[in-house]
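Q: Dropping in final.txt, which is compact mmCIF, C-alpha atoms and all ligand atoms:
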# COMPACT_ATOMS: atom_id res chain seq x y z
CA MET A 1038 76.72 120.08 70.20
CA THR A 1039 75.11 117.48 72.43
CA ALA A 1040 76.36 114.01 73.32
CA GLY A 1041 73.47 111.75 72.37
CA ARG A 1042 73.19 108.33 73.91
CA GLU A 1043 73.50 106.70 70.52
CA VAL A 1044 76.92 108.28 69.89
CA ARG A 1045 79.92 106.32 71.09
CA SER A 1046 81.86 109.02 72.86
CA SER A 1047 83.58 110.03 76.08
CA SER A 1048 81.30 111.47 78.74
CA TYR A 1049 84.30 112.97 80.54
CA MET A 1050 85.64 114.71 77.43
CA TYR A 1051 82.20 116.14 76.68
CA TRP A 1052 81.93 117.47 80.21
CA ALA A 1053 85.51 118.84 80.11
CA LYS A 1054 84.83 120.73 76.87
CA THR A 1055 81.38 122.06 77.74
CA SER A 1056 81.00 122.29 81.51
CA SER A 1057 84.31 122.29 83.36
CA THR A 1058 85.31 125.91 83.03
CA ALA A 1059 84.82 128.30 85.93
CA GLU A 1060 86.35 131.50 87.24
CA TYR A 1061 88.48 129.34 89.55
CA ASN A 1062 89.23 126.28 87.47
CA LEU A 1063 90.83 123.50 89.52
CA ALA A 1064 89.57 120.82 87.13
CA THR A 1065 92.51 120.83 84.74
CA SER A 1066 95.36 118.36 85.14
CA GLY A 1067 98.00 120.01 82.96
CA LEU A 1068 100.26 123.03 83.29
CA GLY A 1069 98.70 126.23 81.92
CA ASN A 1070 98.74 126.39 78.13
CA LEU A 1071 101.77 128.16 76.73
CA LYS A 1072 101.38 130.83 74.09
CA ARG A 1073 103.35 131.13 70.86
CA ARG A 1074 105.41 133.94 72.38
CA ASP A 1075 106.53 131.54 75.17
CA LEU A 1076 108.50 129.58 72.57
CA ARG A 1077 111.45 130.99 70.67
CA VAL A 1078 110.18 130.31 67.18
CA SER A 1079 110.19 132.05 63.84
CA VAL A 1080 107.99 131.41 60.82
CA ASP A 1081 111.10 130.20 59.03
CA ASP A 1082 111.10 127.23 61.42
CA LEU A 1083 107.82 126.12 59.89
CA GLU A 1084 107.02 124.31 56.68
CA ILE A 1085 103.75 123.03 55.31
CA THR A 1086 104.31 119.64 53.77
CA ASP A 1087 106.31 116.54 54.52
CA GLY A 1088 105.46 112.97 53.68
CA GLY A 1089 106.18 109.44 54.72
CA TYR A 1090 106.00 107.69 58.05
CA GLY A 1091 106.67 110.42 60.58
CA TYR A 1092 108.91 113.49 60.53
CA GLN A 1093 112.40 112.17 61.20
CA PRO A 1094 113.79 115.16 63.20
CA LEU A 1095 110.82 114.89 65.58
CA ILE A 1096 111.15 111.11 65.89
CA GLN A 1097 114.87 111.58 66.52
CA SER A 1098 114.37 114.14 69.29
CA ILE A 1099 111.77 111.99 71.07
CA ALA A 1100 113.99 108.91 70.69
CA THR A 1101 117.01 110.75 72.08
CA ARG A 1102 115.13 112.19 75.06
CA TYR A 1103 113.94 108.73 76.16
CA ARG A 1104 116.93 106.67 74.99
CA VAL A 1105 114.78 104.65 72.60
CA ALA A 1106 115.59 103.44 69.05
CA THR A 1107 113.93 105.55 66.35
CA GLU A 1108 112.34 102.36 64.93
CA SER A 1109 110.40 102.05 68.21
CA VAL A 1110 108.81 105.51 68.01
CA VAL A 1111 105.42 106.19 66.40
CA THR A 1112 104.18 109.76 66.55
CA ALA A 1113 100.48 110.54 67.00
CA ALA A 1114 98.13 113.43 67.72
CA GLY A 1115 98.48 113.57 71.50
CA THR A 1116 98.38 110.75 73.99
CA THR A 1117 94.68 110.43 73.20
CA PHE A 1118 95.30 109.31 69.66
CA ALA A 1119 98.46 107.42 70.65
CA ASN A 1120 96.29 105.35 73.01
CA HIS A 1121 93.69 104.76 70.33
CA LEU A 1122 96.23 103.78 67.67
CA ALA A 1123 98.13 101.51 70.05
CA MET A 1124 94.98 99.74 71.23
CA ALA A 1125 93.63 99.46 67.68
CA ALA A 1126 96.84 97.67 66.69
CA LEU A 1127 96.91 95.46 69.79
CA ILE A 1128 93.32 94.27 70.21
CA LYS A 1129 90.57 92.84 68.05
CA PRO A 1130 86.86 92.90 68.90
CA GLY A 1131 86.18 90.34 71.64
CA ASP A 1132 89.76 90.35 72.98
CA GLU A 1133 90.09 90.47 76.74
CA VAL A 1134 91.62 93.63 78.17
CA LEU A 1135 92.35 94.16 81.87
CA PHE A 1136 91.81 97.79 82.77
CA GLU A 1137 92.65 99.59 86.00
CA HIS A 1138 89.83 101.00 88.14
CA PRO A 1139 89.55 103.95 88.57
CA ALA A 1140 90.52 104.78 84.99
CA TYR A 1141 90.86 107.75 82.67
CA GLU A 1142 87.46 107.45 81.04
CA PRO A 1143 88.32 108.42 77.42
CA MET A 1144 90.91 105.64 77.30
CA LEU A 1145 88.45 103.12 78.71
CA ALA A 1146 85.81 104.33 76.23
CA ALA A 1147 88.29 103.85 73.37
CA ALA A 1148 88.96 100.24 74.41
CA ARG A 1149 85.22 99.58 74.51
CA TYR A 1150 84.76 101.34 71.17
CA LEU A 1151 87.31 98.93 69.69
CA GLY A 1152 85.19 96.03 70.92
CA ALA A 1153 87.42 94.87 73.77
CA LYS A 1154 85.94 92.67 76.47
CA VAL A 1155 87.00 94.79 79.41
CA LYS A 1156 87.71 93.27 82.83
CA ARG A 1157 88.68 95.45 85.77
CA PHE A 1158 91.28 95.30 88.50
CA TYR A 1159 91.10 97.68 91.43
CA ARG A 1160 93.46 100.35 92.69
CA THR A 1161 91.72 101.13 95.96
CA PHE A 1162 91.95 104.12 98.24
CA GLU A 1163 92.67 101.75 101.15
CA ASN A 1164 95.72 100.39 99.29
CA GLY A 1165 96.97 103.86 98.39
CA PHE A 1166 95.82 103.33 94.77
CA ARG A 1167 98.64 100.84 94.34
CA ILE A 1168 98.34 97.98 91.86
CA LEU A 1169 98.35 94.57 93.54
CA PRO A 1170 100.10 92.18 91.14
CA GLU A 1171 98.45 89.20 92.88
CA GLU A 1172 95.05 90.57 91.86
CA LEU A 1173 96.21 90.78 88.24
CA GLU A 1174 97.70 87.32 88.50
CA ALA A 1175 94.31 85.94 89.54
CA LEU A 1176 92.53 87.78 86.76
CA VAL A 1177 94.69 87.12 83.66
CA SER A 1178 93.91 84.25 81.36
CA SER A 1179 95.14 82.91 78.06
CA SER A 1180 92.53 85.20 76.43
CA THR A 1181 94.07 88.35 77.93
CA ARG A 1182 95.63 90.45 75.19
CA LEU A 1183 96.34 93.67 77.04
CA ILE A 1184 96.70 95.17 80.52
CA VAL A 1185 96.11 98.93 80.65
CA ILE A 1186 97.48 101.27 83.32
CA THR A 1187 98.37 104.92 83.79
CA ASN A 1188 101.61 106.03 85.42
CA LEU A 1189 101.28 108.44 87.15
CA HIS A 1190 97.79 107.25 87.88
CA ASN A 1191 94.97 109.46 86.72
CA PRO A 1192 93.04 110.31 88.92
CA SER A 1193 95.14 109.71 92.06
CA GLY A 1194 98.57 110.90 90.86
CA VAL A 1195 100.22 107.83 92.41
CA LEU A 1196 103.54 106.66 90.91
CA ILE A 1197 103.96 102.94 90.16
CA GLU A 1198 107.25 101.53 91.42
CA ASP A 1199 109.50 99.88 88.81
CA SER A 1200 109.37 96.64 90.83
CA THR A 1201 105.57 96.53 90.43
CA LEU A 1202 105.82 97.35 86.73
CA LYS A 1203 108.27 94.48 86.30
CA GLN A 1204 105.88 92.09 88.05
CA ILE A 1205 103.04 93.24 85.78
CA GLY A 1206 105.31 92.70 82.77
CA GLU A 1207 106.06 89.15 83.88
CA ILE A 1208 102.38 88.36 84.36
CA ALA A 1209 101.63 89.67 80.85
CA ARG A 1210 104.55 87.82 79.30
CA ARG A 1211 103.42 84.49 80.74
CA VAL A 1212 100.08 84.72 78.89
CA GLY A 1213 101.42 86.45 75.77
CA ALA A 1214 99.75 89.78 76.55
CA ARG A 1215 101.10 93.34 76.38
CA VAL A 1216 101.05 96.12 78.95
CA LEU A 1217 99.96 99.55 77.77
CA VAL A 1218 101.28 102.28 80.07
CA ASP A 1219 99.97 105.80 79.57
CA GLU A 1220 102.84 107.94 80.89
CA VAL A 1221 101.45 111.36 80.09
CA TYR A 1222 102.11 112.56 83.67
CA ILE A 1223 105.54 110.96 84.16
CA GLU A 1224 107.44 114.09 83.10
CA THR A 1225 106.14 115.84 86.22
CA LEU A 1226 108.93 113.99 88.04
CA PHE A 1227 111.24 116.34 86.10
CA GLU A 1228 114.03 113.80 85.90
CA GLU A 1229 117.11 114.73 83.92
CA SER A 1230 116.81 111.48 82.04
CA PRO A 1231 113.07 110.81 82.08
CA ARG A 1232 112.05 107.26 82.91
CA THR A 1233 109.78 105.14 80.76
CA ALA A 1234 108.43 101.63 81.36
CA PHE A 1235 109.39 100.84 77.77
CA HIS A 1236 112.89 99.97 79.01
CA LEU A 1237 111.50 97.23 81.26
CA GLY A 1238 110.77 94.74 78.49
CA ASN A 1239 109.25 94.06 75.09
CA GLU A 1240 105.77 93.52 76.49
CA PHE A 1241 105.55 97.21 77.39
CA VAL A 1242 103.89 99.64 75.01
CA VAL A 1243 104.07 103.22 76.23
CA THR A 1244 102.20 106.37 75.26
CA SER A 1245 102.80 110.00 76.16
CA SER A 1246 102.90 113.57 74.89
CA LEU A 1247 104.08 117.10 75.66
CA THR A 1248 100.63 117.97 77.02
CA LYS A 1249 100.68 117.78 80.81
CA ALA A 1250 104.09 118.75 82.16
CA PHE A 1251 104.84 121.40 79.56
CA GLY A 1252 101.54 123.16 78.84
CA LEU A 1253 101.83 122.18 75.17
CA SER A 1254 98.56 120.34 74.66
CA GLY A 1255 97.82 122.41 71.56
CA LEU A 1256 100.80 120.97 69.69
CA ARG A 1257 99.22 117.48 69.88
CA CYS A 1258 102.76 116.12 70.05
CA GLY A 1259 102.18 112.56 71.20
CA TRP A 1260 103.98 109.27 70.67
CA ILE A 1261 104.00 105.52 71.20
CA PHE A 1262 107.04 103.44 72.14
CA THR A 1263 106.83 99.82 71.08
CA GLU A 1264 109.03 97.14 69.60
CA PRO A 1265 109.94 97.87 65.94
CA GLU A 1266 107.65 95.27 64.32
CA LEU A 1267 104.61 96.56 66.23
CA ALA A 1268 105.69 100.13 65.50
CA ARG A 1269 105.67 99.29 61.80
CA GLN A 1270 102.17 97.85 62.10
CA MET A 1271 100.99 100.98 63.90
CA TRP A 1272 102.40 103.25 61.20
CA LEU A 1273 100.57 101.21 58.57
CA LEU A 1274 97.33 101.22 60.55
CA ASN A 1275 97.67 104.98 60.91
CA ASP A 1276 97.33 105.22 57.13
CA LEU A 1277 93.65 104.35 57.70
CA PHE A 1278 93.22 106.94 60.45
CA ALA A 1279 95.31 110.06 59.93
CA SER A 1280 97.59 109.32 56.98
CA THR A 1281 100.06 112.03 57.94
CA ALA A 1282 100.36 114.60 60.72
CA VAL A 1283 99.97 118.37 60.39
CA HIS A 1284 103.53 119.13 59.35
CA ALA A 1285 103.69 122.66 60.77
CA GLY A 1286 102.78 121.08 64.12
CA GLU A 1287 105.59 118.56 63.79
CA ARG A 1288 108.05 121.37 63.06
CA LEU A 1289 106.81 123.38 66.03
CA SER A 1290 107.11 120.27 68.20
CA VAL A 1291 110.79 119.92 67.28
CA VAL A 1292 111.34 123.54 68.29
CA ALA A 1293 109.51 122.91 71.59
CA MET A 1294 111.53 119.75 72.28
CA GLN A 1295 114.71 121.85 72.09
CA GLN A 1296 113.37 124.15 74.83
CA LEU A 1297 111.93 121.52 77.17
CA ALA A 1298 114.56 122.01 79.87
CA GLU A 1299 113.54 125.63 80.40
CA ILE A 1300 109.83 124.96 80.05
CA GLY A 1301 110.08 122.06 82.49
CA GLU A 1302 111.94 124.24 85.01
CA ARG A 1303 109.06 126.75 84.97
CA SER A 1304 106.52 123.93 85.38
CA LYS A 1305 108.43 122.49 88.31
CA GLN A 1306 108.43 125.87 90.04
CA VAL A 1307 104.65 126.10 89.67
CA LEU A 1308 104.10 122.62 91.12
CA ASP A 1309 106.63 123.15 93.94
CA ARG A 1310 104.77 126.33 94.87
CA ASN A 1311 101.26 124.90 94.57
CA ARG A 1312 101.53 121.44 96.12
CA PRO A 1313 102.13 122.76 99.67
CA LEU A 1314 99.07 125.02 99.30
CA LEU A 1315 96.83 122.03 98.69
CA ASN A 1316 98.56 119.99 101.39
CA ASP A 1317 98.09 122.80 103.91
CA PHE A 1318 94.44 123.09 102.95
CA LEU A 1319 93.93 119.33 103.32
CA ASP A 1320 95.53 119.46 106.79
CA THR A 1321 92.63 121.66 107.87
CA ARG A 1322 89.83 119.45 106.53
CA GLU A 1323 88.59 116.62 108.68
CA ASP A 1324 85.74 116.06 106.25
CA LEU A 1325 88.16 114.86 103.54
CA GLU A 1326 90.42 111.83 103.27
CA VAL A 1327 93.19 111.78 100.69
CA ILE A 1328 96.23 109.89 99.45
CA ARG A 1329 98.88 112.55 98.93
CA PRO A 1330 101.10 111.80 95.94
CA GLN A 1331 104.61 113.19 95.83
CA PHE A 1332 104.48 114.01 92.13
CA GLY A 1333 102.04 114.97 89.43
CA THR A 1334 99.40 117.59 88.99
CA VAL A 1335 96.33 116.17 90.76
CA MET A 1336 94.97 114.70 93.99
CA PHE A 1337 91.79 112.69 94.45
CA PRO A 1338 90.23 113.39 97.87
CA ARG A 1339 87.20 111.57 99.21
CA VAL A 1340 84.35 113.12 101.18
CA ARG A 1341 83.70 111.26 104.39
CA ARG A 1342 79.95 111.40 103.91
CA GLY A 1343 77.82 110.80 100.79
CA THR A 1344 78.92 111.52 97.24
CA ALA A 1345 80.89 114.46 95.90
CA ASP A 1346 78.52 115.20 92.99
CA GLU A 1347 76.41 117.58 95.03
CA LEU A 1348 79.51 119.26 96.44
CA CYS A 1349 80.92 119.77 92.92
CA ARG A 1350 77.63 121.30 91.76
CA LEU A 1351 77.46 123.67 94.73
CA LEU A 1352 81.11 124.60 94.30
CA ARG A 1353 80.67 125.50 90.66
CA GLU A 1354 77.29 127.19 90.82
CA LYS A 1355 77.68 129.20 94.01
CA TYR A 1356 81.44 129.49 94.39
CA GLU A 1357 82.47 129.66 90.68
CA THR A 1358 85.07 126.94 91.21
CA SER A 1359 85.38 123.67 89.34
CA VAL A 1360 86.92 120.33 90.21
CA VAL A 1361 86.28 117.01 88.45
CA PRO A 1362 83.48 114.92 89.99
CA GLY A 1363 84.74 111.46 90.93
CA SER A 1364 81.78 109.94 89.11
CA PHE A 1365 83.78 110.43 85.87
CA PHE A 1366 86.29 108.01 87.38
CA GLU A 1367 83.59 105.64 88.68
CA MET A 1368 84.29 106.77 92.26
CA PRO A 1369 81.53 109.22 93.18
CA ALA A 1370 82.69 109.82 96.75
CA HIS A 1371 85.83 111.46 95.36
CA PHE A 1372 86.69 114.55 93.36
CA ARG A 1373 89.87 115.36 91.45
CA ILE A 1374 91.61 118.61 92.13
CA GLY A 1375 94.39 120.02 89.96
CA ILE A 1376 97.37 122.01 91.24
CA ALA A 1377 99.10 122.90 87.98
CA GLY A 1378 97.34 126.19 87.32
CA ASP A 1379 97.95 129.75 88.39
CA THR A 1380 98.89 130.01 92.08
CA ASP A 1381 96.48 132.85 92.88
CA VAL A 1382 93.63 130.97 91.22
CA LEU A 1383 94.48 127.88 93.27
CA LYS A 1384 94.54 129.93 96.51
CA ALA A 1385 91.16 131.52 95.77
CA GLY A 1386 89.71 128.21 94.57
CA LEU A 1387 90.79 126.43 97.76
CA ASP A 1388 89.27 129.18 99.85
CA ARG A 1389 86.00 128.69 98.00
CA LEU A 1390 86.25 124.91 98.25
CA GLY A 1391 86.54 125.33 102.03
CA LYS A 1392 83.35 127.41 102.10
CA ALA A 1393 81.49 124.94 99.89
CA LEU A 1394 82.65 122.03 102.09
CA ASP A 1395 81.45 123.85 105.21
CA GLU A 1396 78.07 124.41 103.59
CA PHE A 1397 77.98 120.84 102.25
CA SER A 1398 78.78 119.41 105.70
CA ARG A 1399 76.04 121.52 107.34
CA GLY A 1400 73.51 120.31 104.74
C1 LIG K 1501 95.78 109.54 81.40
C2 LIG K 1501 95.62 110.54 80.31
N1 LIG K 1501 95.96 110.22 79.05
C3 LIG K 1501 95.83 111.09 78.04
C4 LIG K 1501 95.35 112.36 78.25
C5 LIG K 1501 95.23 113.30 77.08
O1 LIG K 1501 96.50 113.71 76.70
P1 LIG K 1501 96.81 114.39 75.30
O2 LIG K 1501 96.50 115.84 75.44
O3 LIG K 1501 98.25 114.14 75.09
O4 LIG K 1501 95.95 113.75 74.28
C6 LIG K 1501 94.98 112.75 79.53
C7 LIG K 1501 94.42 114.10 79.77
O5 LIG K 1501 93.77 114.36 80.75
C8 LIG K 1501 95.12 111.82 80.59
O6 LIG K 1501 94.79 112.15 81.83
Translate this structure into structure tokens?

A:
Amino acid sequence: MTAGREVRSSSYMYWAKTSSTAEYNLATSGLGNLKRRDLRVSVDDLEITDGGYGYQPLIQSIATRYRVATESVVTAAGTTFANHLAMAALIKPGDEVLFEHPAYEPMLAAARYLGAKVKRFYRTFENGFRILPEELEALVSSSTRLIVITNLHNPSGVLIEDSTLKQIGEIARRVGARVLVDEVYIETLFEESPRTAFHLGNEFVVTSSLTKAFGLSGLRCGWIFTEPELARQMWLLNDLFASTAVHAGERLSVVAMQQLAEIGERSKQVLDRNRPLLNDFLDTREDLEVIRPQFGTVMFPRVRRGTADELCRLLREKYETSVVPGSFFEMPAHFRIGIAGDTDVLKAGLDRLGKALDEFSRG
């Protein structure tokens, strides 16, 4: 398959599916994919058909985990489709949407696909990738329908403080807009009672899934939190898109939800082991600058000279190691490096990255 120019698609997703793999893959941002045997599950847990608006036991377990009313939960195939469904319900062609920069490209592409008039606000390296509410304040207008952010931020991994989220909520409320927060990385804080911006006010619409912190991407267990009336509209709109979910997947998701504590504990151990390895490596590199997030699965270093595209090519072709070129996040001097994979692979990949950087610097 090729991604023709005429097709409205995601350049990042195409690259991720066709060109990101390597012997030492540091391009992924989620915990390693679990296998069926990693879950305690029997075929008797599965069933083929259900009907209606969502599988109630799954909705109930998501609602309980996040302390949200079941009427506020809409399930969807991963955060990807949750984002699409939420935006499709919230914006019409021509509506103004304020989008963070740098952004997760498939989400930005979906907003454009839906016909949004996208305006950008900037999370800069110099400001530690923080959101400056005063910049948003200056940018919003009565035409703004939606503000879109990721928390943790992809690509930098930076956590948004609740106080900033509240300020963003107030700005949105004043102009009658909503705030869409993609929280797919928030579970890498491994809080006993996981936070969600949904509790900060009715203007917040939140999306997430079991993908990143739990290595369960394949289940496509995603969801939206929104006020009940909007949730109802999203369920109805979903009749045009997906009608119903794959029921065996919903059943398996309920089983996985019951085992999240253990799965999360294993994930935390991987990240606690791997983060110092990357930090130690970065301590040795004067040719890189980086904001070091406390949580999450990625960092987004910047090369001090030139763009990182050439470095990424060299790294993959000669050193069999992949990272994500910053050009996919509209910041070509950067690259995104993931720490959620196998520890030995990370060690070997960092060693190779060091060699590629040495060669890159000499060139
Ligand atoms: C910000 C963000 N949202 C959504 C996704 C996709 O998540 P899911 O597998 O739940 O569709 C990703 C994956 O990289 C992501 O970084």

Q: For ligand LIG 1501 (chain K), which residue among A:Leu1267, A:Val1360, A:Leu1196, A:Leu1247 is the nearest when counting all atoms listed in the file?

A: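 Smallest separation from ligand LIG 1501 (chain K) among the options: A:Leu1247.
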
Q: Mind running chain A against ligand LIG 1501 (chain K) at 9 Å and telling me each contacting residue's nearest atom pair with the distance in Å (one decimal), counting all atoms listed in the file, chain and number ascending, as a Markdown table?

A:
| residue | atom | partner | partner_atom | distance |
| --- | --- | --- | --- | --- |
| A:Met1050 | CA | K:LIG1501 | O5 | 8.8 |
| A:Thr1065 | CA | K:LIG1501 | O5 | 7.7 |
| A:Ser1066 | CA | K:LIG1501 | O5 | 6.1 |
| A:Gly1067 | CA | K:LIG1501 | O5 | 7.4 |
| A:Ala1114 | CA | K:LIG1501 | O4 | 6.9 |
| A:Gly1115 | CA | K:LIG1501 | O3 | 3.6 |
| A:Thr1116 | CA | K:LIG1501 | O3 | 3.6 |
| A:Thr1117 | CA | K:LIG1501 | O4 | 3.7 |
| A:Phe1118 | CA | K:LIG1501 | O4 | 6.4 |
| A:Ala1119 | CA | K:LIG1501 | O4 | 7.7 |
| A:Asn1120 | CA | K:LIG1501 | C3 | 7.6 |
| A:Ala1140 | CA | K:LIG1501 | C1 | 8.0 |
| A:Tyr1141 | CA | K:LIG1501 | C1 | 5.4 |
| A:Glu1142 | CA | K:LIG1501 | C1 | 8.6 |
| A:Pro1143 | CA | K:LIG1501 | C3 | 8.0 |
| A:Met1144 | CA | K:LIG1501 | N1 | 7.0 |
| A:Ile1186 | CA | K:LIG1501 | C1 | 8.7 |
| A:Thr1187 | CA | K:LIG1501 | C1 | 5.8 |
| A:Asn1188 | CA | K:LIG1501 | C1 | 7.9 |
| A:Leu1189 | CA | K:LIG1501 | C1 | 8.0 |
| A:His1190 | CA | K:LIG1501 | C1 | 7.2 |
| A:Asn1191 | CA | K:LIG1501 | C1 | 5.4 |
| A:Pro1192 | CA | K:LIG1501 | O6 | 7.5 |
| A:Asp1219 | CA | K:LIG1501 | C1 | 5.9 |
| A:Glu1220 | CA | K:LIG1501 | C1 | 7.3 |
| A:Val1221 | CA | K:LIG1501 | N1 | 5.7 |
| A:Tyr1222 | CA | K:LIG1501 | C1 | 7.4 |
| A:Thr1244 | CA | K:LIG1501 | N1 | 8.3 |
| A:Ser1245 | CA | K:LIG1501 | O3 | 6.2 |
| A:Ser1246 | CA | K:LIG1501 | O3 | 4.7 |
| A:Leu1247 | CA | K:LIG1501 | O3 | 6.6 |
| A:Thr1248 | CA | K:LIG1501 | O3 | 4.9 |
| A:Lys1249 | CA | K:LIG1501 | O2 | 7.1 |
| A:Leu1253 | CA | K:LIG1501 | O2 | 8.3 |
| A:Ser1254 | CA | K:LIG1501 | O2 | 5.0 |
| A:Gly1255 | CA | K:LIG1501 | O2 | 7.7 |
| A:Leu1256 | CA | K:LIG1501 | O2 | 8.8 |
| A:Arg1257 | CA | K:LIG1501 | O3 | 6.3 |
| A:Cys1258 | CA | K:LIG1501 | O3 | 7.0 |
| A:Gly1259 | CA | K:LIG1501 | O3 | 5.8 |
| A:Trp1260 | CA | K:LIG1501 | O3 | 8.7 |

Q: In Å, with one decimal, what is the gap from atom CA of A:Arg1303 to atom CA of A:Phe1235?

A: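 Distance between the two atoms: 26.9 Å.
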
Q: Taking into account all atoms listed in the file, which residue in the set A:Val1195, A:Val1291, A:Ile1099, A:Ala1298 is nearest to A:Phe1166?

A: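 Ranked by minimum distance to A:Phe1166, first place goes to A:Val1195.
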
Q: Which residues come within 8 Å of A:Thr1201, counting all atoms listed in the file, excluding same-chain residues fewer than 3 positions away, as a list in words?

A: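 In the requested format, the answer is Ile1168, Pro1170, Ile1197, Glu1198, Gln1204 and Ile1205 of chain A.
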
Q: In Å, with one decimal, what is the gap from atom CA of A:Ala1377 to atom CA of A:Ser1290?

A: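 Computing it gives 21.5 Å between the two atoms.
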
Q: Which is closest to A:Glu1302 among A:Glu1163, A:Tyr1090, A:Leu1173, A:Ala1250, if we use only C-alpha atoms?

A: A:Ala1250

Q: Report, in Å to a single decimal, how far apart atom CA of A:Tyr1051 and atom CA of A:Pro1330 are.

A: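 Atom CA of A:Tyr1051 lies at a distance of 27.3 Å from atom CA of A:Pro1330.
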
Q: Restricting the calculation to all atoms listed in the file: of A:Val1216, A:Val1105, A:Leu1308, A:Val1283, which residue gets closest to A:Glu1084?

A: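 Looking only at the distances to A:Glu1084, the closest residue turns out to be A:Val1283.
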
Q: Which of these, A:Ala1345, A:Ala1123, A:Val1335, A:Leu1135, has the shortest distance to A:Ser1193 once you count all atoms listed in the file?

A: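 For A:Ser1193, the nearest of the candidates is A:Val1335.
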
Q: Find, counting only C-alpha atoms, the residue in A:Ser1056, A:Ser1364, A:Thr1334, A:Gln1097 that gets nearest to A:Asp1346.

A: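 Selected residue with least distance to A:Asp1346: A:Ser1364.
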
Q: Just the residues within 10 Å of A:Asp1324, please, counting only C-alpha atoms, with nothing from its chain fewer than 2 positions along; format it as a list in words.

A: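 Answer for this query is Leu1319, Thr1321, Arg1322, Glu1326, Pro1338, Arg1339, Val1340, Arg1341, Arg1342, Leu1394, Asp1395, Phe1397 and Ser1398 of chain A.
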
Q: I'd like the contact shell of A:Gly1391 - 12 Å cut-off, all atoms listed in the file, skipping same-chain residues fewer than 2 positions apart - returned as a ChimeraX atom specification.

A: /A:1315,1317-1325,1348,1351-1352,1356,1358,1384-1389,1393-1398

Q: List as an NGL selection string the protein and nucleic acid residues near A:Gly1238, meaning an atom at most 9 Å away when only C-alpha atoms are counted, but skip any in the same chain fewer than 4 places from it.

A: :A and (1203 or 1206 or 1234)

Q: Which residues are near A:Glu1172? Cut-off 12 Å, all atoms listed in the file, ignore same chain within fewer than 6 positions. Put them as a PDB file with C-alpha atoms, in the coordinates of the input.

A:
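Saved result, out.pdb, follows:
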ATOM      1  CA  LEU A1135      92.350  94.160  81.870  1.00  0.00           C
ATOM      2  CA  GLU A1137      92.650  99.590  86.000  1.00  0.00           C
ATOM      3  CA  LYS A1156      87.710  93.270  82.830  1.00  0.00           C
ATOM      4  CA  ARG A1157      88.680  95.450  85.770  1.00  0.00           C
ATOM      5  CA  PHE A1158      91.280  95.300  88.500  1.00  0.00           C
ATOM      6  CA  TYR A1159      91.100  97.680  91.430  1.00  0.00           C
ATOM      7  CA  ARG A1160      93.460 100.350  92.690  1.00  0.00           C
ATOM      8  CA  THR A1161      91.720 101.130  95.960  1.00  0.00           C
ATOM      9  CA  GLN A1204     105.880  92.090  88.050  1.00  0.00           C
ATOM     10  CA  ILE A1205     103.040  93.240  85.780  1.00  0.00           C
ATOM     11  CA  ILE A1208     102.380  88.360  84.360  1.00  0.00           C
TER      12      ILE A1208
END
